[in-house]
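S.K.: data_38.pdb (PDB, C-alpha atoms) pasted underneath:
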```pdb
MODEL        1
ATOM      1  CA  MET T   1      78.094 189.492 124.499
ATOM      2  CA  ALA T   2      79.185 187.910 127.753
ATOM      3  CA  ASN T   3      77.315 187.119 130.933
ATOM      4  CA  VAL T   4      78.422 188.750 134.196
ATOM      5  CA  THR T   5      77.080 188.166 137.694
ATOM      6  CA  MET T   6      78.046 190.200 140.742
ATOM      7  CA  THR T   7      76.562 191.617 143.912
ATOM      8  CA  VAL T   8      75.967 195.363 143.815
ATOM      9  CA  ASN T   9      74.983 197.132 147.012
ATOM     10  CA  GLY T  10      73.947 193.815 148.516
ATOM     11  CA  LYS T  11      71.796 192.671 145.582
ATOM     12  CA  ALA T  12      72.726 189.950 143.082
ATOM     13  CA  VAL T  13      72.717 191.206 139.495
ATOM     14  CA  THR T  14      73.284 189.406 136.198
ATOM     15  CA  ALA T  15      73.524 190.919 132.738
ATOM     16  CA  ASN T  16      74.798 190.295 129.242
ATOM     17  CA  VAL T  17      77.415 192.912 128.406
ATOM     18  CA  ASP T  18      79.896 193.658 125.690
ATOM     19  CA  PRO T  19      83.270 192.337 126.916
ATOM     20  CA  ARG T  20      84.657 195.908 126.663
ATOM     21  CA  THR T  21      82.063 197.314 129.090
ATOM     22  CA  LEU T  22      83.666 199.202 131.942
ATOM     23  CA  LEU T  23      82.344 198.799 135.470
ATOM     24  CA  VAL T  24      81.314 202.470 135.554
ATOM     25  CA  GLN T  25      79.258 201.953 132.373
ATOM     26  CA  PHE T  26      77.686 198.814 133.806
ATOM     27  CA  LEU T  27      76.693 200.627 137.001
ATOM     28  CA  ARG T  28      75.386 203.767 135.311
ATOM     29  CA  GLU T  29      73.848 202.411 132.099
ATOM     30  CA  HIS T  30      72.741 198.891 133.002
ATOM     31  CA  LEU T  31      71.840 199.336 136.675
ATOM     32  CA  ARG T  32      70.973 203.073 136.584
ATOM     33  CA  LEU T  33      73.175 203.773 139.613
ATOM     34  CA  THR T  34      74.228 207.240 138.540
ATOM     35  CA  GLY T  35      75.986 208.321 141.742
ATOM     36  CA  THR T  36      79.239 206.942 140.368
ATOM     37  CA  HIS T  37      80.481 209.649 138.013
ATOM     38  CA  VAL T  38      82.631 209.623 134.888
ATOM     39  CA  GLY T  39      85.060 212.498 135.035
ATOM     40  CA  CYS T  40      88.101 211.641 132.951
ATOM     41  CA  ASP T  41      88.053 208.034 131.620
ATOM     42  CA  THR T  42      91.785 207.846 132.396
ATOM     43  CA  SER T  43      91.782 206.901 136.103
ATOM     44  CA  GLN T  44      93.091 210.294 137.199
ATOM     45  CA  CYS T  45      90.168 212.196 138.746
ATOM     46  CA  GLY T  46      88.623 209.652 141.145
ATOM     47  CA  ALA T  47      84.993 210.594 140.466
ATOM     48  CA  CYS T  48      84.268 206.945 139.611
ATOM     49  CA  VAL T  49      85.610 205.291 142.804
ATOM     50  CA  VAL T  50      83.579 202.342 144.098
ATOM     51  CA  HIS T  51      84.455 199.510 146.465
ATOM     52  CA  LEU T  52      85.224 196.155 144.850
ATOM     53  CA  ASP T  53      85.325 193.372 147.412
ATOM     54  CA  GLY T  54      85.814 196.040 150.073
ATOM     55  CA  LYS T  55      88.657 197.935 148.397
ATOM     56  CA  ALA T  56      88.494 201.247 146.532
ATOM     57  CA  VAL T  57      88.919 200.972 142.756
ATOM     58  CA  LYS T  58      88.454 203.377 139.897
ATOM     59  CA  SER T  59      85.565 201.924 137.947
ATOM     60  CA  CYS T  60      86.445 203.787 134.731
ATOM     61  CA  THR T  61      89.394 201.435 134.177
ATOM     62  CA  THR T  62      87.886 198.227 135.556
ATOM     63  CA  LEU T  63      86.122 195.871 133.165
ATOM     64  CA  ALA T  64      82.701 194.705 134.314
ATOM     65  CA  LEU T  65      83.626 191.127 133.380
ATOM     66  CA  ALA T  66      86.610 191.310 135.749
ATOM     67  CA  CYS T  67      84.078 191.722 138.558
ATOM     68  CA  GLU T  68      82.490 188.310 137.993
ATOM     69  CA  GLY T  69      81.394 186.987 141.390
ATOM     70  CA  ALA T  70      82.601 190.119 143.180
ATOM     71  CA  SER T  71      80.844 192.429 145.595
ATOM     72  CA  VAL T  72      80.572 196.071 144.508
ATOM     73  CA  THR T  73      79.477 198.945 146.734
ATOM     74  CA  THR T  74      78.599 202.307 145.209
ATOM     75  CA  ILE T  75      77.791 205.597 146.907
ATOM     76  CA  GLU T  76      74.128 204.542 146.800
ATOM     77  CA  GLY T  77      75.005 201.495 148.910
ATOM     78  CA  LEU T  78      76.631 203.368 151.815
ATOM     79  CA  ALA T  79      73.515 204.774 153.469
ATOM     80  CA  SER T  80      71.566 202.360 155.642
ATOM     81  CA  GLY T  81      67.913 202.413 156.606
ATOM     82  CA  GLY T  82      67.428 206.002 155.488
ATOM     83  CA  ALA T  83      70.401 207.239 157.543
ATOM     84  CA  LEU T  84      73.492 208.605 155.843
ATOM     85  CA  HIS T  85      76.778 206.784 156.349
ATOM     86  CA  PRO T  86      78.942 208.665 158.895
ATOM     87  CA  MET T  87      81.304 209.815 156.118
ATOM     88  CA  GLN T  88      78.388 211.109 154.025
ATOM     89  CA  GLU T  89      77.035 212.943 157.062
ATOM     90  CA  ALA T  90      80.477 214.437 157.775
ATOM     91  CA  PHE T  91      80.744 215.786 154.212
ATOM     92  CA  ARG T  92      77.315 217.390 154.651
ATOM     93  CA  GLU T  93      78.088 218.834 158.081
ATOM     94  CA  HIS T  94      81.552 220.152 157.227
ATOM     95  CA  HIS T  95      80.728 221.503 153.765
ATOM     96  CA  GLY T  96      83.064 219.026 152.079
ATOM     97  CA  LEU T  97      81.443 219.587 148.717
ATOM     98  CA  GLN T  98      80.578 222.359 146.355
ATOM     99  CA  CYS T  99      79.172 221.272 143.011
ATOM    100  CA  GLY T 100      79.059 217.656 144.242
ATOM    101  CA  PHE T 101      80.510 216.033 141.133
ATOM    102  CA  CYS T 102      83.611 214.646 142.873
ATOM    103  CA  THR T 103      81.831 213.962 146.161
ATOM    104  CA  PRO T 104      80.814 210.308 145.609
ATOM    105  CA  GLY T 105      84.366 209.337 144.671
ATOM    106  CA  MET T 106      85.822 211.379 147.533
ATOM    107  CA  ILE T 107      83.509 209.706 150.036
ATOM    108  CA  MET T 108      84.188 206.200 148.713
ATOM    109  CA  SER T 109      87.951 206.869 148.835
ATOM    110  CA  ALA T 110      87.642 208.313 152.345
ATOM    111  CA  VAL T 111      85.751 205.265 153.645
ATOM    112  CA  ASP T 112      88.424 203.018 152.143
ATOM    113  CA  MET T 113      91.114 205.181 153.779
ATOM    114  CA  VAL T 114      89.509 204.729 157.199
ATOM    115  CA  ASN T 115      89.148 200.982 156.633
ATOM    116  CA  ARG T 116      92.864 200.747 155.798
ATOM    117  CA  ARG T 117      94.374 203.284 158.197
ATOM    118  CA  GLY T 118      92.017 203.515 161.155
ATOM    119  CA  HIS T 119      89.952 206.289 162.663
ATOM    120  CA  ALA T 120      92.612 208.766 163.803
ATOM    121  CA  LEU T 121      93.768 210.392 160.579
ATOM    122  CA  ASP T 122      95.970 213.462 160.436
ATOM    123  CA  GLU T 123      95.759 216.123 157.730
ATOM    124  CA  LYS T 124      98.927 214.953 155.962
ATOM    125  CA  THR T 125      97.647 211.376 155.672
ATOM    126  CA  ILE T 126      94.246 212.501 154.423
ATOM    127  CA  ARG T 127      95.746 214.794 151.795
ATOM    128  CA  GLU T 128      98.201 212.127 150.605
ATOM    129  CA  ASP T 129      95.539 209.409 150.401
ATOM    130  CA  LEU T 130      93.138 211.672 148.486
ATOM    131  CA  ASP T 131      95.840 212.406 145.919
ATOM    132  CA  GLY T 132      93.991 210.385 143.254
ATOM    133  CA  ASN T 133      90.769 212.373 143.706
ATOM    134  CA  ILE T 134      90.419 215.761 142.062
ATOM    135  CA  CYS T 135      88.008 218.499 143.092
ATOM    136  CA  ARG T 136      87.871 221.358 140.638
ATOM    137  CA  CYS T 137      85.775 223.629 142.876
ATOM    138  CA  THR T 138      87.582 223.900 146.190
ATOM    139  CA  GLY T 139      90.942 224.023 147.914
ATOM    140  CA  TYR T 140      90.306 220.770 149.821
ATOM    141  CA  HIS T 141      90.279 222.402 153.269
ATOM    142  CA  ASN T 142      86.674 221.420 154.039
ATOM    143  CA  ILE T 143      87.097 218.026 152.365
ATOM    144  CA  VAL T 144      90.000 217.244 154.701
ATOM    145  CA  LYS T 145      87.951 218.408 157.709
ATOM    146  CA  ALA T 146      85.038 216.243 156.556
ATOM    147  CA  VAL T 147      87.216 213.152 156.134
ATOM    148  CA  ALA T 148      88.731 213.594 159.601
ATOM    149  CA  ALA T 149      85.270 214.026 161.158
ATOM    150  CA  GLY T 150      83.872 211.103 159.196
ATOM    151  CA  ALA T 151      86.776 208.891 160.275
ATOM    152  CA  GLU T 152      86.163 209.785 163.899
ATOM    153  CA  ALA T 153      82.432 209.122 163.551
ATOM    154  CA  MET T 154      83.126 205.768 161.882
ATOM    155  CA  GLY T 155      85.347 204.921 164.869
ATOM    156  CA  LYS T 156      82.430 205.365 167.208
ATOM    157  CA  GLY T 157      80.683 202.605 165.265
ATOM    158  CA  ALA T 158      83.789 200.403 165.673
ATOM    159  CA  ALA T 159      84.008 199.442 162.005
ATOM    160  CA  PRO T 160      86.811 196.930 161.393
ATOM    161  CA  VAL T 161      90.144 198.234 160.131
ATOM    162  CA  ARG T 162      91.510 196.459 157.054
ATOM    163  CA  GLN T 163      95.264 196.385 156.719
ATOM    164  CA  ALA T 164      96.737 197.653 153.457
ATOM    165  CA  ALA T 165      98.358 195.018 151.242
ATOM    166  CA  GLU T 166     102.134 195.111 151.503
TER     167      GLU T 166
ENDMDL
END
```
Go through the file and emit its structure as structure tokens.
M.R.:
Amino acid sequence: MANVTMTVNGKAVTANVDPRTLLVQFLREHLRLTGTHVGCDTSQCGACVVHLDGKAVKSCTTLALACEGASVTTIEGLASGGALHPMQEAFREHHGLQCGFCTPGMIMSAVDMVNRRGHALDEKTIREDLDGNICRCTGYHNIVKAVAAGAEAMGKGAAPVRQAAE
């Protein structure tokens, strides 16, 4: 067993974990944050996306120990003071979900997209950036609309734009 300490959704957490424990397992099994889903275990579906030090990562292929000292935000950490995050609200308003299984990963990826690319996103950019997120229920039309609306709403809050690493 190994000790790991990180900040999850603004709260410091420490646990003893098997060195092979994946971040998604740590979040779901140790912290009971079940909004982050396991869809494929191969980093292809995107259901497990969380933010690690402000950047989207697939938690099914990230070791918990690799997150030592890091800050992790899950879908549960986006809402603030009982109000949904603008991207969460946009998915609700624009019917960007069906069964909801992929939704947390889609939303986390979409927030990262806005942080990297800004608030004025066109359909082509949204579709290309969501390439690593799979929805098995829909044709993505409403997801794309939701991301565009969420990006615009996030712009009204003037969230900082993070430049993508070159």
S.K.: Run through the PyMOL selection byres ((chain T and resi 109-125) around 10) on the given coordinates and return the selected residues as an mmCIF file with C-alpha atoms, in the frame of the given file.
M.R.:
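As written to disk, selection04.cif reads:
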```
data_model
loop_
_atom_site.group_PDB
_atom_site.id
_atom_site.type_symbol
_atom_site.label_atom_id
_atom_site.label_comp_id
_atom_site.auth_asym_id
_atom_site.auth_seq_id
_atom_site.Cartn_x
_atom_site.Cartn_y
_atom_site.Cartn_z
ATOM 1 C CA GLY T 46 88.623 209.652 141.145
ATOM 2 C CA ALA T 47 84.993 210.594 140.466
ATOM 3 C CA CYS T 48 84.268 206.945 139.611
ATOM 4 C CA VAL T 49 85.610 205.291 142.804
ATOM 5 C CA VAL T 50 83.579 202.342 144.098
ATOM 6 C CA HIS T 51 84.455 199.510 146.465
ATOM 7 C CA GLY T 54 85.814 196.040 150.073
ATOM 8 C CA LYS T 55 88.657 197.935 148.397
ATOM 9 C CA ALA T 56 88.494 201.247 146.532
ATOM 10 C CA VAL T 57 88.919 200.972 142.756
ATOM 11 C CA LYS T 58 88.454 203.377 139.897
ATOM 12 C CA LEU T 78 76.631 203.368 151.815
ATOM 13 C CA HIS T 85 76.778 206.784 156.349
ATOM 14 C CA PRO T 86 78.942 208.665 158.895
ATOM 15 C CA MET T 87 81.304 209.815 156.118
ATOM 16 C CA GLN T 88 78.388 211.109 154.025
ATOM 17 C CA THR T 103 81.831 213.962 146.161
ATOM 18 C CA PRO T 104 80.814 210.308 145.609
ATOM 19 C CA GLY T 105 84.366 209.337 144.671
ATOM 20 C CA MET T 106 85.822 211.379 147.533
ATOM 21 C CA ILE T 107 83.509 209.706 150.036
ATOM 22 C CA MET T 108 84.188 206.200 148.713
ATOM 23 C CA ILE T 126 94.246 212.501 154.423
ATOM 24 C CA ARG T 127 95.746 214.794 151.795
ATOM 25 C CA GLU T 128 98.201 212.127 150.605
ATOM 26 C CA ASP T 129 95.539 209.409 150.401
ATOM 27 C CA LEU T 130 93.138 211.672 148.486
ATOM 28 C CA ASP T 131 95.840 212.406 145.919
ATOM 29 C CA GLY T 132 93.991 210.385 143.254
ATOM 30 C CA ASN T 133 90.769 212.373 143.706
ATOM 31 C CA HIS T 141 90.279 222.402 153.269
ATOM 32 C CA ILE T 143 87.097 218.026 152.365
ATOM 33 C CA VAL T 144 90.000 217.244 154.701
ATOM 34 C CA LYS T 145 87.951 218.408 157.709
ATOM 35 C CA ALA T 146 85.038 216.243 156.556
ATOM 36 C CA VAL T 147 87.216 213.152 156.134
ATOM 37 C CA ALA T 148 88.731 213.594 159.601
ATOM 38 C CA ALA T 149 85.270 214.026 161.158
ATOM 39 C CA GLY T 150 83.872 211.103 159.196
ATOM 40 C CA ALA T 151 86.776 208.891 160.275
ATOM 41 C CA GLU T 152 86.163 209.785 163.899
ATOM 42 C CA ALA T 153 82.432 209.122 163.551
ATOM 43 C CA MET T 154 83.126 205.768 161.882
ATOM 44 C CA GLY T 155 85.347 204.921 164.869
ATOM 45 C CA LYS T 156 82.430 205.365 167.208
ATOM 46 C CA ALA T 158 83.789 200.403 165.673
ATOM 47 C CA ALA T 159 84.008 199.442 162.005
ATOM 48 C CA PRO T 160 86.811 196.930 161.393
ATOM 49 C CA VAL T 161 90.144 198.234 160.131
ATOM 50 C CA ARG T 162 91.510 196.459 157.054
ATOM 51 C CA GLN T 163 95.264 196.385 156.719
ATOM 52 C CA ALA T 164 96.737 197.653 153.457
ATOM 53 C CA ALA T 165 98.358 195.018 151.242
#
```
S.K.: Please measure the separation of CA of Val24 in chain T and CA of Thr36 in chain T, giving the value in Å to one decimal.
M.R.: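 So the two atoms, CA of Val24 in chain T and CA of Thr36 in chain T, lie 6.9 Å apart.
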S.K.: Out of T:Leu23, T:Cys137, T:Glu29, T:Gly157, which residue has the shortest atom-to-atom distance to Cys67 in chain T when counting only C-alpha atoms?
M.R.: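 Answer, going by the shortest atom-to-atom distance: T:Leu23.
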S.K.: Just to confirm, what's the straight-line distance from CA of Thr14 in chain T to CA of Ser43 in chain T in Å (one decimal)?
M.R.: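 These atoms are spaced 25.5 Å apart.
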S.K.: Counting only C-alpha atoms, which of T:Asn142, T:Asn16, T:Gln98, T:Thr34 gets nearest to Gly77 in chain T?
M.R.: T:Thr34
S.K.: If I wrap all listed atoms of range 86-90 of chain T in a box with edges along x, y and z and add 5 Å on each side, what are its centre and edge lengths in Å to one decimal, as JSON?
M.R.:
```
{"center_x": 79.2, "center_y": 211.6, "center_z": 156.5, "size_x": 14.3, "size_y": 15.8, "size_z": 14.9}
```
S.K.: Identify which of the residues T:Thr138, T:Pro19, T:His95, T:Asn9 lies closest to Asp53 in chain T, counting all atoms listed in the file when measuring atom-to-atom distances.
M.R.: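 Smallest separation from Asp53 in chain T among the options: T:Asn9.
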S.K.: What does the distance between CA of Met6 in chain T and CA of Ser71 in chain T come to in Å, to one decimal place?
M.R.: 6.0 Å
S.K.: Please determine, counting all atoms listed in the file, which residue among T:Cys102, T:Val13, T:Val8, T:Leu22 has the shortest atom-to-atom distance to Ile134 in chain T.
M.R.: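 Answer, going by the shortest atom-to-atom distance: T:Cys102.
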S.K.: Just want the 12 Å neighbourhood of Arg20 in chain T, counted on all atoms listed in the file, with same-chain residues fewer than 5 positions away dropped. Output as a ChimeraX atom specification.
M.R.: /T:1-2,25-26,60-66
S.K.: Nearest to Leu31 in chain T among T:Glu68, T:Glu76, T:Glu89, T:Asp18, with distances taken over all atoms listed in the file: which residue is it?
M.R.: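 Checking each of T:Glu68, T:Glu76, T:Glu89, T:Asp18 against Leu31 in chain T, counting all atoms listed in the file, the winner is T:Glu76.
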S.K.: For range 51-86 of chain T, which lacks atoms in the input, supply N, CA and C atoms and format the output as a JSON list (two decimals), keeping the file's coordinate frame.
M.R.:
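Okay, result-v5.json is ready:
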```json
[["chain", "number", "residue", "atom", "x", "y", "z"],
["T", 51, "HIS", "N", 83.75, 200.56, 145.73],
["T", 51, "HIS", "CA", 84.46, 199.51, 146.46],
["T", 51, "HIS", "C", 84.21, 198.18, 145.78],
["T", 52, "LEU", "N", 85.27, 197.48, 145.47],
["T", 52, "LEU", "CA", 85.22, 196.16, 144.85],
["T", 52, "LEU", "C", 85.80, 195.18, 145.86],
["T", 53, "ASP", "N", 84.94, 194.30, 146.34],
["T", 53, "ASP", "CA", 85.32, 193.37, 147.41],
["T", 53, "ASP", "C", 85.97, 194.12, 148.57],
["T", 54, "GLY", "N", 85.40, 195.27, 148.91],
["T", 54, "GLY", "CA", 85.81, 196.04, 150.07],
["T", 54, "GLY", "C", 86.98, 196.98, 149.87],
["T", 55, "LYS", "N", 87.51, 197.05, 148.66],
["T", 55, "LYS", "CA", 88.66, 197.94, 148.40],
["T", 55, "LYS", "C", 88.29, 198.96, 147.33],
["T", 56, "ALA", "N", 88.78, 200.18, 147.49],
["T", 56, "ALA", "CA", 88.49, 201.25, 146.53],
["T", 56, "ALA", "C", 89.16, 200.95, 145.20],
["T", 57, "VAL", "N", 88.39, 201.09, 144.12],
["T", 57, "VAL", "CA", 88.92, 200.97, 142.76],
["T", 57, "VAL", "C", 88.30, 202.07, 141.91],
["T", 58, "LYS", "N", 88.99, 202.42, 140.86],
["T", 58, "LYS", "CA", 88.45, 203.38, 139.90],
["T", 58, "LYS", "C", 87.71, 202.58, 138.83],
["T", 59, "SER", "N", 86.41, 202.75, 138.80],
["T", 59, "SER", "CA", 85.56, 201.92, 137.95],
["T", 59, "SER", "C", 85.65, 202.29, 136.47],
["T", 60, "CYS", "N", 86.31, 203.40, 136.14],
["T", 60, "CYS", "CA", 86.44, 203.79, 134.73],
["T", 60, "CYS", "C", 87.54, 203.00, 134.03],
["T", 61, "THR", "N", 88.34, 202.26, 134.79],
["T", 61, "THR", "CA", 89.39, 201.44, 134.18],
["T", 61, "THR", "C", 89.30, 199.98, 134.62],
["T", 62, "THR", "N", 88.14, 199.60, 135.13],
["T", 62, "THR", "CA", 87.89, 198.23, 135.56],
["T", 62, "THR", "C", 86.82, 197.64, 134.65],
["T", 63, "LEU", "N", 87.11, 196.52, 134.02],
["T", 63, "LEU", "CA", 86.12, 195.87, 133.16],
["T", 63, "LEU", "C", 85.05, 195.21, 134.02],
["T", 64, "ALA", "N", 83.81, 195.33, 133.59],
["T", 64, "ALA", "CA", 82.70, 194.70, 134.31],
["T", 64, "ALA", "C", 82.92, 193.20, 134.42],
["T", 65, "LEU", "N", 83.40, 192.57, 133.35],
["T", 65, "LEU", "CA", 83.63, 191.13, 133.38],
["T", 65, "LEU", "C", 84.67, 190.72, 134.41],
["T", 66, "ALA", "N", 85.60, 191.60, 134.74],
["T", 66, "ALA", "CA", 86.61, 191.31, 135.75],
["T", 66, "ALA", "C", 85.99, 191.26, 137.14],
["T", 67, "CYS", "N", 84.76, 191.69, 137.27],
["T", 67, "CYS", "CA", 84.08, 191.72, 138.56],
["T", 67, "CYS", "C", 83.17, 190.51, 138.75],
["T", 68, "GLU", "N", 83.29, 189.53, 137.89],
["T", 68, "GLU", "CA", 82.49, 188.31, 137.99],
["T", 68, "GLU", "C", 82.60, 187.73, 139.40],
["T", 69, "GLY", "N", 81.45, 187.56, 140.05],
["T", 69, "GLY", "CA", 81.39, 186.99, 141.39],
["T", 69, "GLY", "C", 81.79, 187.94, 142.51],
["T", 70, "ALA", "N", 82.13, 189.16, 142.18],
["T", 70, "ALA", "CA", 82.60, 190.12, 143.18],
["T", 70, "ALA", "C", 81.44, 190.85, 143.86],
["T", 71, "SER", "N", 81.79, 191.56, 144.90],
["T", 71, "SER", "CA", 80.84, 192.43, 145.60],
["T", 71, "SER", "C", 81.26, 193.88, 145.34],
["T", 72, "VAL", "N", 80.32, 194.67, 144.83],
["T", 72, "VAL", "CA", 80.57, 196.07, 144.51],
["T", 72, "VAL", "C", 79.67, 196.94, 145.39],
["T", 73, "THR", "N", 80.26, 197.96, 145.98],
["T", 73, "THR", "CA", 79.48, 198.94, 146.73],
["T", 73, "THR", "C", 79.68, 200.30, 146.08],
["T", 74, "THR", "N", 78.57, 200.96, 145.78],
["T", 74, "THR", "CA", 78.60, 202.31, 145.21],
["T", 74, "THR", "C", 78.17, 203.30, 146.28],
["T", 75, "ILE", "N", 78.22, 204.56, 145.96],
["T", 75, "ILE", "CA", 77.79, 205.60, 146.91],
["T", 75, "ILE", "C", 76.34, 205.36, 147.35],
["T", 76, "GLU", "N", 75.52, 204.82, 146.45],
["T", 76, "GLU", "CA", 74.13, 204.54, 146.80],
["T", 76, "GLU", "C", 74.02, 203.44, 147.85],
["T", 77, "GLY", "N", 75.04, 202.61, 147.97],
["T", 77, "GLY", "CA", 75.00, 201.50, 148.91],
["T", 77, "GLY", "C", 75.56, 201.81, 150.29],
["T", 78, "LEU", "N", 76.06, 203.02, 150.51],
["T", 78, "LEU", "CA", 76.63, 203.37, 151.82],
["T", 78, "LEU", "C", 75.58, 203.67, 152.87],
["T", 79, "ALA", "N", 74.56, 204.42, 152.50],
["T", 79, "ALA", "CA", 73.52, 204.77, 153.47],
["T", 79, "ALA", "C", 72.78, 203.51, 153.91],
["T", 80, "SER", "N", 72.25, 203.54, 155.12],
["T", 80, "SER", "CA", 71.57, 202.36, 155.64],
["T", 80, "SER", "C", 70.28, 202.77, 156.35],
["T", 81, "GLY", "N", 69.18, 202.16, 155.94],
["T", 81, "GLY", "CA", 67.91, 202.41, 156.61],
["T", 81, "GLY", "C", 67.49, 203.86, 156.62],
["T", 82, "GLY", "N", 67.81, 204.60, 155.56],
["T", 82, "GLY", "CA", 67.43, 206.00, 155.49],
["T", 82, "GLY", "C", 68.41, 206.95, 156.18],
["T", 83, "ALA", "N", 69.40, 206.40, 156.87],
["T", 83, "ALA", "CA", 70.40, 207.24, 157.54],
["T", 83, "ALA", "C", 71.67, 207.28, 156.69],
["T", 84, "LEU", "N", 72.24, 208.48, 156.57],
["T", 84, "LEU", "CA", 73.49, 208.60, 155.84],
["T", 84, "LEU", "C", 74.61, 207.85, 156.56],
["T", 85, "HIS", "N", 75.56, 207.37, 155.79],
["T", 85, "HIS", "CA", 76.78, 206.78, 156.35],
["T", 85, "HIS", "C", 77.50, 207.91, 157.10],
["T", 86, "PRO", "N", 78.25, 207.60, 158.15],
["T", 86, "PRO", "CA", 78.94, 208.66, 158.90],
["T", 86, "PRO", "C", 79.83, 209.55, 158.02]]
```
